[in-house]
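See below for the structure under consideration.
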Amino acid sequence: MSDDGDPTHSGQPGSPERLSADAVRALYLLHGRDLQLFLTGVLKNSDAAQDVCQATFQRLLESGHEAKEETTRGWLFKVGFNEALAWRRKESQRDKLHRNTAATADQANIELPVQSLVRTEEIEKLKRLLQDLPTEQQLVVRQRIQEDKTFAQIAAEQNLPLGTVLTRMRLAIQKLQMWFG
Amino acid sequence: MSVDSNDRDWLAMQYVLGELSDTERNAFEERLPSDVDLCEAVTAASRLMLTAHAAIEANSSSISIRRDSNRLTPGRSWSAVVATATAMAMALLLVVRIPVKSPTDGRVANDSPQAAELVSLWRSGSDSSDDDSDDVDDIMDDAADVAVPSWMLAAVSIEAGHAINAPSDQVQEN
């Protein structure tokens with residue numbers, strides 16, 4: 001496991017006391033969902049992202065006190081990403097992820113609630129926003145996200161240049177991200 | 001890699017969608033540990049994709065439910081028609097089989113003043129409500145006297161039974 005960015009290894013003397021379990025839970029409520037979303041984007045696997053997220057907060061409990069408060073979020077992204085890479089390596093070796101991360105989470109001696117990555121009100125909002133997109137952009141978004149087709153497949157099916165499909169998707173994403181906030 | 005926020009967001013989206021080549025992905029991931037903004041872009045892209053997927057799925061579900069309900073509509077209509085027809089047939093059957101309970105039949109009123117009053121009250125109520133629905137009047141003209149609630153039929157029947165079975169002196173007292 002890479003320890004890049006891990007404040008445990010900063011070697012600073014006289015570091016403050018470890019974070020309390022309550023403090024870690026509070027930080028989890030503040031950053032946990034975003035970290036899990038980030039890890040889902042990295043791993044393309046929400047279950048694994050949840051496990052890695054738990055492992056990351058265990059690291060926070062163990063050594064997060066050495067990170068500056070204003071950089072806690074960045075620290076979580078960094079350590080979480082390193083944990084995700086470790087997960088990938090283990091996964092590629094012998095698919096041991098779940099057992100390893102579960103054991104790690106157990107050692108953390110802290111129970112964190114599972115957070116929903118998708119919220120009902122956001123789904124409702126996005127449903128409306130999707131309908132406001134031009135039809136051709138809606139079609140590309142639907143085929144890419146729902147039907148899980150590659151852009152190349154979509155281009156071939158619609159008899160369009162790949163660049164046109166990518167542009168439609170990009171414009172749609174830009175609008176959605178701007179509207180979605 | 002120097003990119004503005006739009007390029008960064010689009011790159012993050014392509015990364016989340018798995019559209020980057022191995023080389024591009026490796027280059028992208030090398031930046032992640034030291035670029036919080038890029039991590040935030042991945043987080044936003046992931047959130048948008050997951051929510052959009054759920055939204056599209058929800059839309060598809062509601063469309064299929066709507067289609068299902070449309071398919072079921074004729075069936076439901078037929079059920080309603082059948083239920084209404086059955087109710088009307090049973091009401092007519094009641095009238096045919098229990099003519100003594102018809103409020104137009106003065107015999108009931110003569111037999112029992114309380115029953116007559118009850119029937120009278122019902123009739124006046126029916127008359128006023130009939131004004132509200134002309135279409136129904138056309139269809140139900142003959143049935144207006146028929147549409148007496150079962151609780152009233154039972155009450156009238158009991159009253160009539162008492163009157164018939166009562167000793168003559170009691171009738172005379174009334």
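Identifiers in this document derive from the order of the structure tokens: chains are assigned A, B, ..., residues are numbered from 1 separately in each chain, and ligands are numbered from 1 in order of occurrence.
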Counting only C-alpha atoms, which residues of chain A sit at most 7 Å from some atom of chain B, and what is each one's closest atom pair with its distance in Å to one decimal, listed by chain and rising residue number, as JSON lines?
```
{"residue": "A:Asp34", "atom": "CA", "partner": "B:Thr43", "partner_atom": "CA", "distance": 6.2}
{"residue": "A:Leu37", "atom": "CA", "partner": "B:Thr43", "partner_atom": "CA", "distance": 5.3}
{"residue": "A:Phe38", "atom": "CA", "partner": "B:Thr43", "partner_atom": "CA", "distance": 4.2}
{"residue": "A:Thr40", "atom": "CA", "partner": "B:Ser46", "partner_atom": "CA", "distance": 6.8}
{"residue": "A:Gly41", "atom": "CA", "partner": "B:Val16", "partner_atom": "CA", "distance": 4.8}
{"residue": "A:Val42", "atom": "CA", "partner": "B:Val16", "partner_atom": "CA", "distance": 6.7}
{"residue": "A:Gly74", "atom": "CA", "partner": "B:Val36", "partner_atom": "CA", "distance": 5.7}
{"residue": "A:Phe77", "atom": "CA", "partner": "B:Cys39", "partner_atom": "CA", "distance": 6.7}
{"residue": "A:Lys78", "atom": "CA", "partner": "B:Pro33", "partner_atom": "CA", "distance": 4.8}
{"residue": "A:Phe81", "atom": "CA", "partner": "B:Pro33", "partner_atom": "CA", "distance": 6.9}
{"residue": "A:Val118", "atom": "CA", "partner": "B:Thr51", "partner_atom": "CA", "distance": 5.7}
{"residue": "A:Glu122", "atom": "CA", "partner": "B:Thr51", "partner_atom": "CA", "distance": 6.9}
{"residue": "A:Ile123", "atom": "CA", "partner": "B:Ala55", "partner_atom": "CA", "distance": 5.1}
{"residue": "A:Glu124", "atom": "CA", "partner": "B:Ala55", "partner_atom": "CA", "distance": 6.9}
{"residue": "A:Leu126", "atom": "CA", "partner": "B:Ala55", "partner_atom": "CA", "distance": 6.3}
{"residue": "A:Lys127", "atom": "CA", "partner": "B:Ala55", "partner_atom": "CA", "distance": 5.2}
{"residue": "A:Ile145", "atom": "CA", "partner": "B:His53", "partner_atom": "CA", "distance": 5.9}
{"residue": "A:Gln146", "atom": "CA", "partner": "B:His53", "partner_atom": "CA", "distance": 6.0}
{"residue": "A:Arg170", "atom": "CA", "partner": "B:Trp10", "partner_atom": "CA", "distance": 6.6}
```
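Once A:Leu43 and its same-chain neighbours fewer than 3 positions away are set aside, A:Phe38, A:Leu39, A:Thr40, A:Ser46, A:Ala48, A:Ala49, A:Ala84, A:Leu85, A:Trp87, A:Arg88, B:Val16 remain within 9 Å of it when counting only C-alpha atoms.
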- Can you tell me, as a list in words, what residues are no more than 12 Å from A:Ala155 when counting only C-alpha atoms, ignoring any on the same chain fewer than 2 positions away? Glu136, Leu139, Val140, Gln143, Arg144, Lys149, Thr150, Phe151, Ala152, Gln153, Glu157, Gln158, Asn159, Leu160, Pro161, Leu162, Gly163, Thr164, Val165, Leu166, Thr167, Arg168 and Met169 of chain A
- chain A: which residues are helix (DSSP H, G or I) by DSSP, as a PyMOL selection string? chain A and resi 7-10+21-43+46-66+69-94+97-108+120-132+135-146+151-158+162-180
- Identify, on the basis of only C-alpha atoms, every residue whose closest approach to A:Gln115 does not exceed 9 Å; exclude the query and any residue fewer than 5 positions from it along the same chain; express the result as a list in words. Leu29, Gly32, Arg33, Gln36 and Gln50 of chain A
The selected residues should be written to file as a short mmCIF file (atom, residue, chain, number, x, y, z; two decimals), in the first residue's frame (atoms: C-alpha atoms).
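The new file out.cif reads:
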```
data_model
loop_
_atom_site.label_atom_id
_atom_site.label_comp_id
_atom_site.auth_asym_id
_atom_site.auth_seq_id
_atom_site.Cartn_x
_atom_site.Cartn_y
_atom_site.Cartn_z
CA LEU A 29 -20.89 12.67 7.83
CA GLY A 32 -18.01 10.41 3.58
CA ARG A 33 -20.51 10.57 0.76
CA GLN A 36 -17.42 7.35 -1.65
CA GLN A 50 -17.83 1.70 0.33
#
```
